[in-house]
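Colleague: I'd like to ask you about the structure that follows.
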Amino acid sequence: MRIHASINRLVDKPDSNIKAFASVSFDGFYAVHGIKVCEGEKGRFVSMPSTQYTDRDGNKQYQDIFHPISKGARNALNQAVLNAYDIKLQQVQQTEIEVENTPDEEMSEPEDEPEPELSM
């Protein structure tokens with residue numbers, strides 16, 4: 001089975017453990033959306049899409065809408081999503097350019113060029 005993962009959106013909130021949202025397709029026939037890349041105490045992990053409900057005792061519970069059944073399938077899915085996340089981060093870093101202006105730098109016109117003459 002061929003698994004293709006893509007990162008739909010990066011999350012840039014320092015206080016959030018969610019770092020990105022991903023989609024995965026399987027052999028080009030099925031797609032799953034809403035997979036999350038999270039950062040926890042033990043490192044990065046993949047969280048399956050889930051629904052929230054309240055149990056009899058009033059506690060919030062979560063139930064996966066989609067999940068791999070075997071350990072091998074889970075490892076393959078996790079690896080595909082985390083690889084896509086790493087690639088997306090590299091692409092973003094390659095396209096970012098940081099410009100620093102020091103306080104004494106000012107925007108000025110070049111001194112060597114004469115002002116163009118306007119005629120009417």
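Chain labels run A, B, ... following the order of the structure tokens; each chain numbers its residues from 1, and ligands are numbered from 1 in the order shown.
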Taking 3 positions as the minimum chain separation for residues in the same chain, which residues sit within 9 Å of Ser6 (chain A) when counting only C-alpha atoms? Answer as a list of chain:residue names.
Modeller: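 Using only C-alpha atoms, the neighbours found are A:Phe21, A:Ala22, A:Ser23, A:Val24, A:Ser25, A:Ala80, A:Val81, A:Ala84, A:Tyr85, A:Lys88.
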Colleague: Based on the selection just made, write all heavy atoms of those residues as an mmCIF file, in the first residue's frame.
Modeller:
data_model
loop_
_atom_site.group_PDB
_atom_site.id
_atom_site.type_symbol
_atom_site.label_atom_id
_atom_site.label_comp_id
_atom_site.auth_asym_id
_atom_site.auth_seq_id
_atom_site.Cartn_x
_atom_site.Cartn_y
_atom_site.Cartn_z
ATOM 1 N N PHE A 21 -1.520 20.393 10.669
ATOM 2 C CA PHE A 21 -2.628 19.529 10.272
ATOM 3 C C PHE A 21 -2.247 18.881 8.954
ATOM 4 O O PHE A 21 -1.696 19.535 8.064
ATOM 5 C CB PHE A 21 -3.921 20.329 10.117
ATOM 6 C CG PHE A 21 -4.500 20.770 11.418
ATOM 7 C CD1 PHE A 21 -4.155 21.990 11.960
ATOM 8 C CD2 PHE A 21 -5.363 19.953 12.126
ATOM 9 C CE1 PHE A 21 -4.662 22.407 13.174
ATOM 10 C CE2 PHE A 21 -5.889 20.355 13.338
ATOM 11 C CZ PHE A 21 -5.542 21.583 13.868
ATOM 12 N N ALA A 22 -2.552 17.592 8.828
ATOM 13 C CA ALA A 22 -2.147 16.831 7.651
ATOM 14 C C ALA A 22 -3.324 16.056 7.065
ATOM 15 O O ALA A 22 -4.335 15.824 7.735
ATOM 16 C CB ALA A 22 -1.038 15.849 8.033
ATOM 17 N N SER A 23 -3.143 15.655 5.812
ATOM 18 C CA SER A 23 -4.050 14.739 5.130
ATOM 19 C C SER A 23 -3.221 13.582 4.604
ATOM 20 O O SER A 23 -2.042 13.751 4.279
ATOM 21 C CB SER A 23 -4.754 15.421 3.961
ATOM 22 O OG SER A 23 -5.635 16.410 4.415
ATOM 23 N N VAL A 24 -3.834 12.413 4.516
ATOM 24 C CA VAL A 24 -3.145 11.225 4.033
ATOM 25 C C VAL A 24 -4.045 10.533 3.026
ATOM 26 O O VAL A 24 -5.254 10.436 3.235
ATOM 27 C CB VAL A 24 -2.821 10.267 5.208
ATOM 28 C CG1 VAL A 24 -2.202 8.980 4.715
ATOM 29 C CG2 VAL A 24 -1.913 10.928 6.211
ATOM 30 N N SER A 25 -3.435 10.062 1.926
ATOM 31 C CA SER A 25 -4.199 9.243 0.977
ATOM 32 C C SER A 25 -3.553 7.860 0.904
ATOM 33 O O SER A 25 -2.341 7.711 1.086
ATOM 34 C CB SER A 25 -4.259 9.898 -0.403
ATOM 35 O OG SER A 25 -2.985 9.923 -1.000
ATOM 36 N N ALA A 80 5.095 8.566 7.491
ATOM 37 C CA ALA A 80 4.732 9.366 6.310
ATOM 38 C C ALA A 80 4.353 10.780 6.717
ATOM 39 O O ALA A 80 4.778 11.758 6.089
ATOM 40 C CB ALA A 80 3.586 8.691 5.556
ATOM 41 N N VAL A 81 3.562 10.925 7.779
ATOM 42 C CA VAL A 81 3.121 12.249 8.234
ATOM 43 C C VAL A 81 4.306 13.042 8.790
ATOM 44 O O VAL A 81 4.478 14.225 8.465
ATOM 45 C CB VAL A 81 1.988 12.123 9.277
ATOM 46 C CG1 VAL A 81 1.676 13.476 9.910
ATOM 47 C CG2 VAL A 81 0.736 11.539 8.645
ATOM 48 N N ALA A 84 6.549 14.241 5.983
ATOM 49 C CA ALA A 84 5.927 15.368 5.278
ATOM 50 C C ALA A 84 6.065 16.644 6.100
ATOM 51 O O ALA A 84 6.307 17.724 5.551
ATOM 52 C CB ALA A 84 4.460 15.065 4.994
ATOM 53 N N TYR A 85 5.939 16.532 7.420
ATOM 54 C CA TYR A 85 6.090 17.690 8.307
ATOM 55 C C TYR A 85 7.522 18.238 8.242
ATOM 56 O O TYR A 85 7.721 19.448 8.113
ATOM 57 C CB TYR A 85 5.721 17.300 9.737
ATOM 58 C CG TYR A 85 5.888 18.399 10.745
ATOM 59 C CD1 TYR A 85 5.049 19.507 10.742
ATOM 60 C CD2 TYR A 85 6.884 18.329 11.712
ATOM 61 C CE1 TYR A 85 5.198 20.524 11.682
ATOM 62 C CE2 TYR A 85 7.037 19.330 12.653
ATOM 63 C CZ TYR A 85 6.193 20.422 12.631
ATOM 64 O OH TYR A 85 6.347 21.426 13.565
ATOM 65 N N LYS A 88 8.019 20.030 4.961
ATOM 66 C CA LYS A 88 7.319 21.318 4.956
ATOM 67 C C LYS A 88 8.089 22.358 5.761
ATOM 68 O O LYS A 88 8.215 23.511 5.338
ATOM 69 C CB LYS A 88 5.906 21.142 5.515
ATOM 70 C CG LYS A 88 5.044 22.364 5.453
ATOM 71 C CD LYS A 88 4.662 22.664 4.023
ATOM 72 C CE LYS A 88 3.509 23.628 3.969
ATOM 73 N NZ LYS A 88 3.032 23.818 2.595
#
Colleague: Would you return as JSON, numbers by chain the members of chain A that DSSP assigns to strand (DSSP E or B) on this structure's backbone?
Modeller: {"A": [3, 4, 5, 6, 7, 8, 9, 10, 18, 19, 20, 21, 22, 23, 24, 25, 26, 30, 31, 32, 33, 34, 35, 36, 37, 38, 39, 40, 43, 44, 45, 46, 47, 50, 51, 52, 53, 54, 60, 61, 62, 63, 64]}
Colleague: So that I can check the surroundings of His67 (chain A), please list as a count of residues only every protein, DNA and RNA residue that reaches within 9 Å of it, counting only C-alpha atoms and ignoring chain neighbours fewer than 3 positions away.
Modeller: 4
Colleague: Give the helix (DSSP H, G or I) residues of chain A, as DSSP finds them on the backbone, and put them as number ranges by chain.
Modeller: A: 71-95
Colleague: Find the residues near Gly28 (chain A): any atom within 12 Å, counting only C-alpha atoms, skip ones fewer than 2 places away on the same chain, and give them as a VMD selection string.
Modeller: chain A and resid 1 to 5 24 to 26 30 to 32
